[in-house]
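Here's work.cif, which has mmCIF, C-alpha atoms and all ligand atoms:
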```cif
data_entry
#
loop_
_atom_site.label_atom_id
_atom_site.label_comp_id
_atom_site.auth_asym_id
_atom_site.auth_seq_id
_atom_site.Cartn_x
_atom_site.Cartn_y
_atom_site.Cartn_z
CA MET G 192 3.08 -18.55 0.91
CA ASP G 193 6.76 -19.13 0.32
CA HIS G 194 8.60 -19.14 3.67
CA ASN G 195 11.23 -16.61 2.57
CA LEU G 196 8.61 -14.20 1.30
CA LYS G 197 6.70 -14.51 4.57
CA THR G 198 9.86 -13.76 6.58
CA VAL G 199 10.67 -10.72 4.42
CA LEU G 200 7.12 -9.36 4.70
CA LEU G 201 7.02 -9.82 8.47
CA ASN G 202 10.42 -8.13 8.87
CA VAL G 203 9.36 -5.17 6.72
CA MET G 204 6.14 -4.80 8.74
CA TYR G 205 8.11 -5.07 12.00
CA ALA G 206 10.50 -2.31 10.88
CA LYS G 207 7.50 -0.06 10.20
CA SER G 208 5.33 -0.94 13.18
CA VAL G 209 5.50 -3.80 15.70
CA ALA G 210 1.73 -3.51 16.14
CA LEU G 211 1.20 -3.95 12.39
CA ARG G 212 3.33 -7.11 12.36
CA ASP G 213 1.55 -8.56 15.41
CA HIS G 214 -1.93 -7.67 14.10
CA SER G 215 -1.20 -9.19 10.67
CA LEU G 216 0.09 -12.42 12.25
CA GLN G 217 -2.91 -12.64 14.57
CA THR G 218 -5.37 -11.98 11.72
CA ALA G 219 -3.64 -14.72 9.70
CA GLU G 220 -3.94 -17.22 12.58
CA ILE G 221 -7.61 -16.44 13.23
CA SER G 222 -8.46 -16.56 9.51
CA SER G 223 -6.94 -20.01 9.03
CA MET G 224 -8.60 -21.24 12.23
CA ILE G 225 -12.04 -20.12 10.97
CA VAL G 226 -11.52 -21.97 7.68
CA ARG G 227 -10.31 -25.11 9.48
CA ASN G 228 -13.41 -25.02 11.70
CA LEU G 229 -15.68 -24.63 8.65
CA LEU G 230 -13.97 -27.58 6.95
CA ASP G 231 -14.11 -29.75 10.09
CA SER G 232 -17.85 -29.15 10.38
CA GLY G 233 -18.53 -30.19 6.76
CA ASN G 234 -19.04 -26.65 5.40
CA ASP G 235 -17.37 -25.45 2.23
CA PRO G 236 -15.39 -22.29 3.04
CA ALA G 237 -14.43 -21.94 -0.67
CA CYS G 238 -10.81 -21.37 0.33
CA SER G 239 -8.03 -23.31 2.05
CA PRO G 240 -6.64 -22.61 5.55
CA GLU G 241 -3.30 -21.75 3.89
CA ASP G 242 -4.94 -19.21 1.61
CA ALA G 243 -6.79 -17.71 4.59
CA TYR G 244 -3.48 -17.44 6.48
CA THR G 245 -1.77 -15.62 3.60
CA ALA G 246 -4.75 -13.34 3.06
CA GLY G 247 -4.77 -12.47 6.77
CA LEU G 248 -1.06 -11.74 6.68
CA LEU G 249 -1.44 -9.45 3.67
CA HIS G 250 -4.73 -7.68 4.37
CA ASP G 251 -3.16 -4.52 5.86
CA ILE G 252 -0.05 -4.50 3.67
CA GLY G 253 -1.08 -1.06 2.36
CA LYS G 254 -0.30 0.34 5.83
CA LEU G 255 3.37 0.14 4.84
CA PHE G 256 2.65 3.28 2.81
CA VAL G 257 1.03 5.18 5.70
CA SER G 258 3.49 7.49 7.47
CA GLU G 259 4.84 6.21 10.77
CA SER G 260 3.65 9.36 12.54
CA ILE G 261 0.07 8.32 11.72
CA LEU G 262 0.50 4.54 11.94
CA ASN G 263 2.18 4.60 15.35
CA LYS G 264 0.48 7.71 16.74
CA PRO G 265 -0.02 7.19 20.48
CA SER G 266 -3.28 9.17 20.52
CA VAL G 267 -6.56 9.23 18.62
CA LEU G 268 -6.26 10.07 14.90
CA THR G 269 -7.76 13.31 13.58
CA ASP G 270 -10.39 13.06 10.82
CA ARG G 271 -7.77 13.95 8.24
CA GLU G 272 -5.31 11.33 9.55
CA MET G 273 -8.13 8.77 9.57
CA GLU G 274 -8.83 9.60 5.93
CA THR G 275 -5.19 8.90 5.10
CA MET G 276 -5.26 5.68 7.13
CA ARG G 277 -8.29 4.48 5.17
CA LEU G 278 -6.29 4.75 1.95
CA HIS G 279 -4.34 1.66 3.03
CA THR G 280 -6.90 -0.48 1.19
CA SER G 281 -6.12 1.08 -2.21
CA TRP G 282 -2.40 1.38 -1.49
CA GLY G 283 -2.43 -2.33 -0.62
CA LEU G 284 -3.94 -3.04 -4.00
CA GLN G 285 -0.97 -1.33 -5.67
CA PHE G 286 1.33 -3.54 -3.59
CA VAL G 287 -0.14 -6.86 -4.73
CA LYS G 288 -1.13 -5.86 -8.30
CA ASN G 289 0.82 -7.65 -11.04
CA THR G 290 2.55 -9.93 -8.56
CA SER G 291 2.00 -13.55 -7.52
CA LEU G 292 -0.04 -12.13 -4.61
CA GLU G 293 -2.63 -10.52 -6.88
CA ARG G 294 -5.26 -13.14 -6.05
CA TYR G 295 -5.45 -11.60 -2.57
CA ALA G 296 -6.31 -8.18 -4.03
CA GLU G 297 -10.01 -8.55 -3.19
CA VAL G 298 -9.20 -9.12 0.48
CA VAL G 299 -6.73 -6.24 0.56
CA VAL G 300 -9.26 -3.79 -0.90
CA HIS G 301 -12.47 -5.00 0.75
CA HIS G 302 -11.55 -6.13 4.26
CA HIS G 303 -13.21 -3.01 5.74
CA GLU G 304 -16.53 -3.58 4.01
CA ASN G 305 -19.21 -5.02 6.29
CA ALA G 306 -22.48 -6.91 6.39
CA ALA G 307 -24.57 -3.73 6.68
CA GLY G 308 -22.98 -2.17 3.60
CA THR G 309 -21.63 0.76 5.61
CA GLY G 310 -17.94 -0.12 5.36
CA TYR G 311 -15.28 1.36 3.09
CA PRO G 312 -14.04 1.97 0.42
CA HIS G 313 -17.09 0.93 -1.62
CA GLY G 314 -19.92 0.34 0.89
CA LEU G 315 -20.44 -3.20 -0.41
CA ARG G 316 -23.00 -5.63 1.01
CA ALA G 317 -22.19 -9.10 2.29
CA SER G 318 -23.40 -10.76 -0.92
CA GLU G 319 -20.83 -8.76 -2.90
CA LEU G 320 -17.86 -9.99 -0.87
CA ALA G 321 -15.74 -13.05 -1.71
CA PRO G 322 -15.68 -15.91 0.88
CA LEU G 323 -12.01 -15.27 1.69
CA THR G 324 -12.73 -11.58 2.31
CA LYS G 325 -15.54 -12.44 4.73
CA VAL G 326 -13.20 -14.69 6.73
CA VAL G 327 -10.47 -12.05 6.96
CA ARG G 328 -13.09 -9.37 7.76
CA ILE G 329 -14.15 -11.28 10.87
CA ALA G 330 -10.58 -12.19 11.87
CA ASP G 331 -9.49 -8.56 11.45
CA THR G 332 -12.30 -7.33 13.70
CA LEU G 333 -11.50 -9.87 16.40
CA SER G 334 -7.80 -9.02 16.32
CA ALA G 335 -8.59 -5.28 16.51
CA LEU G 336 -10.84 -5.78 19.56
CA LEU G 337 -8.02 -7.68 21.29
CA GLU G 338 -5.45 -4.95 20.66
CA ASP G 339 -4.58 -2.03 22.88
CA ARG G 340 -5.61 1.22 21.23
CA PRO G 341 -4.64 4.78 22.22
CA TYR G 342 -8.21 5.35 23.47
CA ARG G 343 -8.82 1.94 25.09
CA ARG G 344 -7.10 -1.20 26.37
CA SER G 345 -7.54 -4.62 24.78
CA ILE G 346 -11.11 -5.74 25.49
CA ALA G 347 -11.18 -8.41 28.19
CA ASP G 348 -14.92 -9.13 28.18
CA ASP G 349 -15.55 -11.94 25.68
CA ARG G 350 -19.32 -11.47 25.76
CA PHE G 351 -18.87 -7.84 24.78
CA ILE G 352 -16.53 -8.90 21.95
CA LEU G 353 -19.11 -11.37 20.64
CA SER G 354 -21.87 -8.77 20.86
CA GLN G 355 -19.73 -6.36 18.82
CA MET G 356 -19.22 -9.03 16.15
CA GLU G 357 -22.73 -10.46 16.12
CA GLN G 358 -24.15 -8.39 13.27
CA ASP G 359 -21.25 -9.11 10.93
CA LEU G 360 -21.10 -12.80 11.91
CA GLU G 361 -24.75 -13.27 11.03
CA GLY G 362 -24.73 -11.00 8.00
CA LEU G 363 -21.57 -12.37 6.44
CA PHE G 364 -21.97 -16.05 7.17
CA ASN G 365 -25.76 -16.53 7.54
CA GLY G 366 -25.96 -20.37 7.15
CA SER G 367 -22.63 -21.06 8.86
CA SER G 368 -22.51 -18.18 11.35
CA GLU G 369 -22.76 -20.57 14.31
CA ILE G 370 -19.62 -22.44 13.20
CA VAL G 371 -17.70 -19.21 12.65
CA CYS G 372 -18.93 -17.93 16.02
CA LYS G 373 -17.64 -21.15 17.62
CA ALA G 374 -14.27 -20.63 15.91
CA VAL G 375 -14.16 -17.11 17.41
CA ILE G 376 -15.00 -18.50 20.88
CA ASN G 377 -12.32 -21.22 20.48
CA TYR G 378 -9.76 -18.60 19.49
CA LEU G 379 -10.70 -16.41 22.46
CA SER G 380 -10.30 -19.25 24.92
CA ALA G 381 -6.88 -20.22 23.48
CA PHE G 382 -5.87 -16.54 23.50
CA ARG G 383 -6.89 -16.05 27.16
CA LYS G 384 -5.09 -19.22 28.23
CA HIS G 385 -1.91 -18.19 26.42
CA LYS G 386 -2.12 -14.69 27.93
CA ALA G 387 -2.57 -16.10 31.46
CA ILE G 388 0.48 -18.39 31.04
CA LYS G 389 2.55 -15.46 29.75
CA GLU G 390 1.49 -13.24 32.67
CA ASP G 391 2.28 -16.06 35.10
CA SER G 392 5.75 -16.49 33.70
CA TYR G 393 6.36 -12.71 34.01
CA ALA G 394 5.23 -12.88 37.65
CA TYR G 395 7.82 -15.55 38.43
CA ALA G 396 10.64 -14.08 36.31
FE FE G 401 -7.18 -2.66 7.37
FE FE G 402 -6.37 -5.09 9.95
#
```

Using the file provided, produce a representation of the structure as structure tokens.
Amino acid sequence: MDHNLKTVLLNVMYAKSVALRDHSLQTAEISSMIVRNLLDSGNDPACSPEDAYTAGLLHDIGKLFVSESILNKPSVLTDREMETMRLHTSWGLQFVKNTSLERYAEVVVHHHENAAGTGYPHGLRASELAPLTKVVRIADTLSALLEDRPYRRSIADDRFILSQMEQDLEGLFNGSSEIVCKAVINYLSAFRKHKAIKEDSYAYA
């Protein structure tokens, strides 16, 4: 993605919600890391790390159209608010449609589908999802588990995180799920190390 466009997008997200900007950046980083790990292990991810990064950055772009009172609500969303929130997949499609970002439309619309076919908006099965969408789907889930939510703190137990992701990892990546799982573990260890260094530097500030 063009550097200027990336800066503009990140600034617009930041103005709307710091959490949205941070989550989009983290999803982009994890997505490109998964693809790099697949490439390094001789698998064909059917997309480049750069494409995965851009797709990760854009996946929640439709949240720019969700009101700030819902997006930044410090408590659990009501069913009605959740319904509105879920529309971010189709609103995101409107954002990328007829632009140079249109090739990421599939990711924007389908990143909440899952291996069991119980996701939204279309309840698709793993076989119906594009390779890039599967990568962002996993990266999005990992980033969400690492975020603070109004009803829970960021999850600190890596084994619990992996158990939560197991079904989708196996369902979405069957033949290469071990490699993707390793990429998730690598990301978690880098994330924990970075967090510990940051906390250390706060302690001595
Ligand atoms: Fe989303
Ligand atoms: Fe997301």

>> Could you list the protein, DNA and RNA residues that have any atom within 12 Å of ligand FE 401 (chain G), counting only C-alpha atoms and all ligand atoms, and write them as a count of residues only?
In response: 46

> Separation of atom CA of G:Glu319 and atom CA of G:Glu297, in Å?
Replying inline: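 Computing the Euclidean distance for atom CA of G:Glu319 and atom CA of G:Glu297 yields 10.8 Å.
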
>> Between atom CA of G:Pro240 and atom CA of G:Ser208, what distance in Å does the model show, to one decimal?
In response: 25.9 Å

> Can you tell me how far atom CA of G:Ala296 sits from atom CA of G:Met224, in Å to one decimal?
Replying inline: 21.0 Å

>> Give me, as a list in words, all polymer residues having an atom no more than 12 Å from G:Ser232, counting all atoms listed in the file and skipping those fewer than 3 positions away in the same chain.
In response: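 So the residues in contact are Ile225, Val226, Arg227, Asn228, Leu229, Asp235, Pro236, Ser367, Ser368, Glu369, Ile370, Val371, Lys373 and Ala374 of chain G.
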
>> Nearest residue to G:Lys197 out of G:Tyr244, G:Leu337, G:Leu363, G:Ala237, using all atoms listed in the file?
In response: G:Tyr244

Is it possible to dump stretch 283-358 of chain G as a PDB file, in the first residue's frame, including just C-alpha atoms?
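Contents of decode_34.pdb, as written:
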```
ATOM      1  CA  GLY G 283     -16.485  -1.668   4.599  1.00  0.00           C
ATOM      2  CA  LEU G 284     -17.406  -3.076   1.221  1.00  0.00           C
ATOM      3  CA  GLN G 285     -18.864   0.299   0.225  1.00  0.00           C
ATOM      4  CA  PHE G 286     -15.591   1.916   1.313  1.00  0.00           C
ATOM      5  CA  VAL G 287     -13.333  -0.176  -0.929  1.00  0.00           C
ATOM      6  CA  LYS G 288     -15.752  -0.678  -3.863  1.00  0.00           C
ATOM      7  CA  ASN G 289     -14.668   0.999  -7.110  1.00  0.00           C
ATOM      8  CA  THR G 290     -11.316   2.020  -5.672  1.00  0.00           C
ATOM      9  CA  SER G 291      -7.794   0.615  -6.013  1.00  0.00           C
ATOM     10  CA  LEU G 292      -8.506  -1.251  -2.738  1.00  0.00           C
ATOM     11  CA  GLU G 293     -11.372  -3.266  -4.219  1.00  0.00           C
ATOM     12  CA  ARG G 294      -9.303  -6.460  -4.350  1.00  0.00           C
ATOM     13  CA  TYR G 295      -9.493  -6.530  -0.542  1.00  0.00           C
ATOM     14  CA  ALA G 296     -13.309  -6.515  -0.641  1.00  0.00           C
ATOM     15  CA  GLU G 297     -13.522 -10.252   0.084  1.00  0.00           C
ATOM     16  CA  VAL G 298     -11.505  -9.838   3.277  1.00  0.00           C
ATOM     17  CA  VAL G 299     -13.510  -6.795   4.353  1.00  0.00           C
ATOM     18  CA  VAL G 300     -16.838  -8.621   3.935  1.00  0.00           C
ATOM     19  CA  HIS G 301     -15.881 -12.119   5.093  1.00  0.00           C
ATOM     20  CA  HIS G 302     -13.387 -11.704   7.935  1.00  0.00           C
ATOM     21  CA  HIS G 303     -16.060 -12.731  10.477  1.00  0.00           C
ATOM     22  CA  GLU G 304     -16.928 -15.977   8.731  1.00  0.00           C
ATOM     23  CA  ASN G 305     -15.421 -19.049  10.374  1.00  0.00           C
ATOM     24  CA  ALA G 306     -14.426 -22.656   9.848  1.00  0.00           C
ATOM     25  CA  ALA G 307     -17.683 -24.002  11.315  1.00  0.00           C
ATOM     26  CA  GLY G 308     -19.837 -21.913   8.985  1.00  0.00           C
ATOM     27  CA  THR G 309     -21.452 -20.079  11.904  1.00  0.00           C
ATOM     28  CA  GLY G 310     -19.900 -16.671  11.274  1.00  0.00           C
ATOM     29  CA  TYR G 311     -21.446 -13.601   9.646  1.00  0.00           C
ATOM     30  CA  PRO G 312     -22.670 -12.091   7.360  1.00  0.00           C
ATOM     31  CA  HIS G 313     -23.161 -15.156   5.147  1.00  0.00           C
ATOM     32  CA  GLY G 314     -22.373 -18.199   7.319  1.00  0.00           C
ATOM     33  CA  LEU G 315     -19.757 -19.405   4.830  1.00  0.00           C
ATOM     34  CA  ARG G 316     -17.640 -22.523   5.319  1.00  0.00           C
ATOM     35  CA  ALA G 317     -13.850 -22.586   5.226  1.00  0.00           C
ATOM     36  CA  SER G 318     -13.781 -23.924   1.660  1.00  0.00           C
ATOM     37  CA  GLU G 319     -15.710 -20.854   0.494  1.00  0.00           C
ATOM     38  CA  LEU G 320     -13.192 -18.365   1.869  1.00  0.00           C
ATOM     39  CA  ALA G 321     -10.240 -16.924  -0.068  1.00  0.00           C
ATOM     40  CA  PRO G 322      -6.712 -17.666   1.298  1.00  0.00           C
ATOM     41  CA  LEU G 323      -6.149 -14.011   2.216  1.00  0.00           C
ATOM     42  CA  THR G 324      -9.432 -13.932   4.150  1.00  0.00           C
ATOM     43  CA  LYS G 325      -8.425 -17.015   6.147  1.00  0.00           C
ATOM     44  CA  VAL G 326      -5.136 -15.374   7.139  1.00  0.00           C
ATOM     45  CA  VAL G 327      -6.817 -12.145   8.270  1.00  0.00           C
ATOM     46  CA  ARG G 328      -9.551 -14.152  10.037  1.00  0.00           C
ATOM     47  CA  ILE G 329      -6.957 -15.811  12.259  1.00  0.00           C
ATOM     48  CA  ALA G 330      -4.947 -12.605  12.785  1.00  0.00           C
ATOM     49  CA  ASP G 331      -8.132 -10.714  13.703  1.00  0.00           C
ATOM     50  CA  THR G 332      -9.088 -13.326  16.296  1.00  0.00           C
ATOM     51  CA  LEU G 333      -5.630 -13.285  17.871  1.00  0.00           C
ATOM     52  CA  SER G 334      -5.581  -9.495  18.033  1.00  0.00           C
ATOM     53  CA  ALA G 335      -9.074  -9.447  19.588  1.00  0.00           C
ATOM     54  CA  LEU G 336      -8.041 -11.944  22.290  1.00  0.00           C
ATOM     55  CA  LEU G 337      -5.055  -9.735  23.150  1.00  0.00           C
ATOM     56  CA  GLU G 338      -7.165  -6.596  23.506  1.00  0.00           C
ATOM     57  CA  ASP G 339      -8.803  -5.248  26.621  1.00  0.00           C
ATOM     58  CA  ARG G 340     -12.578  -5.420  26.290  1.00  0.00           C
ATOM     59  CA  PRO G 341     -15.218  -3.757  28.494  1.00  0.00           C
ATOM     60  CA  TYR G 342     -16.099  -7.183  29.934  1.00  0.00           C
ATOM     61  CA  ARG G 343     -12.576  -8.640  30.216  1.00  0.00           C
ATOM     62  CA  ARG G 344      -8.877  -7.744  30.225  1.00  0.00           C
ATOM     63  CA  SER G 345      -6.457  -8.821  27.504  1.00  0.00           C
ATOM     64  CA  ILE G 346      -6.017 -12.596  27.835  1.00  0.00           C
ATOM     65  CA  ALA G 347      -2.644 -13.423  29.375  1.00  0.00           C
ATOM     66  CA  ASP G 348      -2.861 -17.227  29.170  1.00  0.00           C
ATOM     67  CA  ASP G 349      -1.352 -18.294  25.834  1.00  0.00           C
ATOM     68  CA  ARG G 350      -2.619 -21.868  26.157  1.00  0.00           C
ATOM     69  CA  PHE G 351      -6.155 -20.555  26.560  1.00  0.00           C
ATOM     70  CA  ILE G 352      -5.673 -18.327  23.492  1.00  0.00           C
ATOM     71  CA  LEU G 353      -4.500 -21.303  21.417  1.00  0.00           C
ATOM     72  CA  SER G 354      -7.405 -23.428  22.629  1.00  0.00           C
ATOM     73  CA  GLN G 355      -9.828 -20.681  21.560  1.00  0.00           C
ATOM     74  CA  MET G 356      -8.258 -20.594  18.099  1.00  0.00           C
ATOM     75  CA  GLU G 357      -7.784 -24.329  17.620  1.00  0.00           C
ATOM     76  CA  GLN G 358     -11.005 -25.064  15.744  1.00  0.00           C
TER      77      GLN G 358
END
```
